[in-house]
Each structure stands twice: as structure tokens, then as C-alpha cells.
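Trainee: Below are the C-alpha cells for one structure; questions will follow.
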Amino acid sequence: MTTHRIALVPGDGIGREVVPAACAVLDAVGARHGVSFDYDEFDWSCERYLREGAMMPADGLDLVRGHDAIFLGAVGQPGVPDHVSLWGLLIPIRRRFRQYVNLRPIRVFEGLESPVRGARPGEVDFVVVRENVEGEYSEIGGRLNRGFPEEMAVQESVFTRAGVTRVLDHAFELAGTRRGYVTSATKSNGIVHTLPFWDELVAERGALHPDVRWDQEHIDALCAKFVLDPARFDVVVGSNLFGDILSDLAAAVAGGIGIAPAANVNPEREFPSMFEPVHGSAPDIAGRGIANPIGAVWTAAMMLDHLGHAEAAAEVEAAVAAVLAKTDVRTPDLGGTATTASFTRALLGFVGP
């Protein structure tokens, strides 16, 4: 029996509802594969911020540094500005643990119709690789003349050779295990310094991966092509901002933000990686027991794969696909009436033989 120690951060809203669903699936598939999980739960959340003035304690990162992975439900709550919750929890984790690759797989499942007419099951299957620790989301900048007519805000983008190169190499290497095709998101016709630099490094790294073909698209045209021809793509790589936008658009093309998983990865495994569904805390439905657990469960599959259990991960993904293809069990966001619990039970019915 292999045991993994997981730092569990349910967070806010529906995070507290979908994390138990993911854990139930992890425990079930783990029992079949000789894998167990020790969960250490942390109350880091907006609720904690309102109670104690911080999303997590001052030594929070030290508390989870030794875990095999971090599994996060969601953060966000009315009354707490989004930049407070993000910069108080997610970004410190991503940056301190050098989780510079954000992976967001996109797939159109049989039985879950895409709102895009041409997006068909078996054809749309790609991954957005987002640079996760620098780019447009830097801390450099500030505000001046607050409250006066000439008030101003300055935000600096930071693109380093090391930071861009490592995420590009990850994208090219990932494409080499898939269909061998990388698309780079850029806007070098309008952003005069950082994106031409990005383009130069894409060409440089692409030359070192001759078995992978690549092209580049300006971000505005790429958004259109995600809708017009989503089956074209294999691995799409972009800066922190571009990757963020593209991955949510792609999730909508696939059928809904509630099914989308994500991984914040430290490829060198010097630090724990963090796994989180994309959907957020959804305060409008929190506490009603109707949250869609697919995003969290698919995220758990990504964590299994990262921890070295590819076969178990594939079984979890197959269970998600089977529920959608073979049953009419759907949560309200997908047009059904299932609860989080009943959907989870359906998933568990397909885990294993």
C-alpha cells in the first residue's frame, strides 16, 4: 500500500461540497490500486479572513511544504475582494512552491452537448498550458494621487527568459506525448516589448523540438478560432493572462465551467503541486447540495497522474465519461436535477470494473 499525504483546503462556498466528492472517488479508486490518502484539512478561506484577518496563518506555507500535494476546493466570498483572496492564498502558494505550469485540459464528452455547434465528442481534446507565476500578474506597480482627478495606476508585466523558457519547454514536451502540435498565444502586433520577446523564445524552443510542429496566433484571433474550430488544437501555451482567459473560454466550449479541472505544477517536484477545479466558490448555489463535482473529480484524476498512478487516473476519467455517456444523471448546471451526492454515487458506480 502506497500512502500519500494530501493537504486538503476545501475553502469557500461549493468548495466544501465538491472536495468530499473528490475524496470519495480518490478513496474508492485508491482501494483498487493499493493507494491510500491521509488528508490534513486546513480552514484557509475567506471565512477565516473575516474572522482572523488572513486567508491562512503566517506559517501556512511551512505547514504544507512536506505534503505530497495540495487539493483546493475554491476560494471567494461576497464581502471579501477577489484580490484579497487570490493574493492571500493562491498566488503565494503558486509562487513559493514554484508551480510555474498551470495545466487545464479541455474535452468534449459524449452525452454533454457543447454550446458550440462544431465541437463534437472525440474531436475536441486539448490542453491549455498557462505560465503561472509571472507575466501580467506581477506585483510591480502601484497607485498614485488616489482620489484626485489625475489618479493613476501602473501595472508592470514581467517576462523573464528563464520563466518563459521553462513553460514553453513543458508545453513542447507535453505535445510530444500527444498529437505533436503547439499553438502559442501572442499579441506581438500590439504589445511591443514582452510579446515579441515571447515569440522569439517560442521559435528558439520550437527549434529544439523538431518532432513537434508549432504555430502562433494573436490572442483575439485565437479566441475566435477556439469557437470556430476547437478540434484543431492540441497544446495551447500562453502567458499568465492569456492562458487564464483562454482556458475559461475553452471550458465553456466544452460544456461548462463546472466540469473544468486544473493543476498548478512544480515539474521538478521540489515542492508540492496544487490541484483545483476552475469553477470558483459559486456563492449563489453554495449550501444547496447541487454543485457539479465533475471539475473536482477530474482534478483529482490529474493529481493521481501527477503522483504516479496513471492507471487509476484513467479510471477516474473513464468514470466521468461513463456517467455522461451512459446515464441521464446531471446536476442543474448541466440541465438536470441531480444533487452533488447523487452525482457522486453515480460516479462511484463506474469506478473500477
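For the C-alpha cells, the naming scheme is as follows: chains receive sequential letters (A, B, ...) according to their order of presentation, residues are indexed from 1 within each chain, and ligands are indexed from 1 in presentation order.
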Per residue of range 151-179 of chain A within 12 Å of range 93-99 of chain A, what are the shortest atom pair and its distance in Å to one decimal, counting only C-alpha atoms, with rows by chain and residue number, as CSV?
Mentor:
residue,atom,partner,partner_atom,distance
A:Gly163,CA,A:Arg98,CA,10.4
A:Arg166,CA,A:Gln99,CA,11.3
A:Val167,CA,A:Gln99,CA,10.4
Trainee: Assign secondary structure with DSSP using the backbone only, and return the residues of range 177-327 of chain A in strand (DSSP E or B) as a list in words.
Mentor: Tyr181, Val182, Thr183, Ser184, Ala185, Thr186, Arg213, Trp214, Asp215, Gln216, Glu217, His218, Val235, Val236, Val237, Gly238, Ala263, Asn264, Val265, Ser273, Met274 and Phe275 of chain A
Trainee: Just checking: using only C-alpha atoms, which residue out of A:Val236, A:Leu144, A:Leu246, A:Ala260 ends up closest to Ala171 in chain A?
Mentor: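 Using only C-alpha atoms, Ala171 in chain A sits closest to A:Val236.
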Trainee: Rank A:Ile6, A:Ala262, A:Leu195, A:Met55 by their smallest atom-to-atom distance to Trp87 in chain A, using only C-alpha atoms, and report the top residue only.
Mentor: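 The shortest atom-to-atom distance to Trp87 in chain A comes from A:Met55.
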Trainee: So that I can check the surroundings of Lys225 in chain A, please list as a list of chain:residue names every protein, DNA and RNA residue that reaches within 12 Å of it, counting only C-alpha atoms and ignoring chain neighbours fewer than 3 positions away.
Mentor: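 So, after excluding close chain neighbours, the residues are A:Val116, A:Gly118, A:Ala119, A:Thr183, A:Ala185, A:Glu217, A:His218, A:Ile219, A:Asp220, A:Ala221, A:Leu222, A:Leu228, A:Asp229, A:Pro230, A:Ala231, A:Arg232, A:Phe233, A:Leu246, A:Leu249, A:Ala250, A:Val253.
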Trainee: Kindly provide the residues of range 6-112 of chain A that approach range 323-335 of chain A to within 12 Å, each paired with its closest atom pair and their distance in Å to one decimal, based on only C-alpha atoms, listed by chain and increasing number, as CSV.
Mentor:
residue,atom,partner,partner_atom,distance
A:Val108,CA,A:Leu324,CA,10.6
A:Phe109,CA,A:Leu324,CA,7.1
A:Glu110,CA,A:Ala325,CA,5.2
A:Gly111,CA,A:Ala325,CA,4.5
A:Leu112,CA,A:Leu324,CA,6.4
Trainee: Set the distance at 10 Å and use only C-alpha atoms: which residues neighbour Val278 in chain A once local chain neighbours fewer than 6 positions away are removed? I'd like the list as an mmCIF file with C-alpha atoms, in the first residue's frame.
Mentor:
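Just written: selection.cif:
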data_model
loop_
_atom_site.group_PDB
_atom_site.id
_atom_site.type_symbol
_atom_site.label_atom_id
_atom_site.label_comp_id
_atom_site.auth_asym_id
_atom_site.auth_seq_id
_atom_site.Cartn_x
_atom_site.Cartn_y
_atom_site.Cartn_z
ATOM 1 C CA GLY A 73 -11.817 23.374 -3.425
ATOM 2 C CA ALA A 74 -12.454 27.057 -4.142
ATOM 3 C CA ARG A 104 -6.108 22.951 -17.941
ATOM 4 C CA SER A 247 -8.772 28.230 -20.503
ATOM 5 C CA ASP A 248 -12.101 29.599 -19.252
ATOM 6 C CA ALA A 251 -14.121 25.244 -20.679
ATOM 7 C CA ILE A 257 -17.078 25.849 -16.262
ATOM 8 C CA GLY A 258 -18.303 23.309 -13.692
ATOM 9 C CA ILE A 259 -16.519 20.434 -15.420
ATOM 10 C CA ALA A 260 -13.123 22.092 -15.796
ATOM 11 C CA PRO A 261 -10.083 20.837 -13.844
ATOM 12 C CA ALA A 262 -6.721 22.488 -13.274
ATOM 13 C CA ALA A 263 -3.282 21.692 -11.906
ATOM 14 C CA GLY A 295 -14.387 19.596 -12.074
ATOM 15 C CA ALA A 296 -13.140 18.475 -8.659
ATOM 16 C CA THR A 299 -8.878 17.481 -10.892
#
Trainee: As an exercise, work out the distance from CA of Ile14 in chain A to CA of Gly255 in chain A in Å and give it to one decimal place.
Mentor: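 CA of Gly255 in chain A lies at a distance of 19.1 Å from CA of Ile14 in chain A.
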Trainee: Report, in Å with one decimal, the straight-line distance from CA of Gly190 in chain A to CA of Arg161 in chain A.
Mentor: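 We find that CA of Gly190 in chain A and CA of Arg161 in chain A lie 20.4 Å from each other.
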Trainee: Please determine, counting only C-alpha atoms, which residue among A:Val127, A:Val75, A:Val133, A:Ala318 has the shortest atom-to-atom distance to Arg179 in chain A.
Mentor: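 Closest candidate: A:Val127.
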Trainee: List the spatial neighbours of Pro78 in chain A as a PyMOL selection string - criterion: any atom at most 10 Å away, only C-alpha atoms, same-chain residues fewer than 5 positions off excluded.
Mentor: chain A and resi 46+283-284
Trainee: Using only C-alpha atoms, which protein or nucleic acid residues come within 7 Å of Arg107 in chain A? Drop anything in the same chain fewer than 5 positions from it, and give the result as an NGL selection string.
Mentor: :A and (124-126 or 254)
Trainee: Please provide the set of residues having any atom within 6 Å of Val316 in chain A, restricted to only C-alpha atoms, with same-chain residues fewer than 3 positions apart removed, written as a short mmCIF file (atom, residue, chain, number, x, y, z; two decimals) with N, CA and C atoms, in the first residue's frame.
Mentor:
data_model
loop_
_atom_site.label_atom_id
_atom_site.label_comp_id
_atom_site.auth_asym_id
_atom_site.auth_seq_id
_atom_site.Cartn_x
_atom_site.Cartn_y
_atom_site.Cartn_z
N ALA A 301 -8.23 13.29 -10.61
CA ALA A 301 -7.56 12.39 -11.56
C ALA A 301 -6.21 12.97 -11.99
N ALA A 313 -5.78 7.16 -12.48
CA ALA A 313 -6.27 8.43 -13.02
C ALA A 313 -7.15 8.19 -14.24
N ALA A 319 -14.71 7.04 -15.59
CA ALA A 319 -15.96 7.06 -14.82
C ALA A 319 -16.75 8.32 -15.12
#
Trainee: For Phe197 in chain A, which of A:Gly135, A:Gly176, A:Pro272, A:Phe148 is the closest residue, counting only C-alpha atoms?
Mentor: A:Gly135
Trainee: Write out as a ChimeraX atom specification all residues of range 42-206 of chain A that backbone DSSP assigns to helix (DSSP H, G or I).
Mentor: /A:46-52,60-64,82-96,161-176,194-206
Trainee: Can you tell me how far CA of Gly206 in chain A sits from CA of Tyr100 in chain A, in Å to one decimal?
Mentor: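 Distance between the two atoms: 19.3 Å.
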Trainee: Compare A:Val35, A:Ala24, A:Ala286, A:Val80 by their minimum atom-to-atom distance to His309 in chain A, counting only C-alpha atoms, and give me the closest one.
Mentor: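 Among A:Val35, A:Ala24, A:Ala286, A:Val80, it is A:Val35 that comes nearest to His309 in chain A.
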Trainee: Taking into account only C-alpha atoms, which residue in the set A:Glu41, A:Glu173, A:Glu156, A:Glu131 is nearest to Gly243 in chain A?
Mentor: A:Glu131
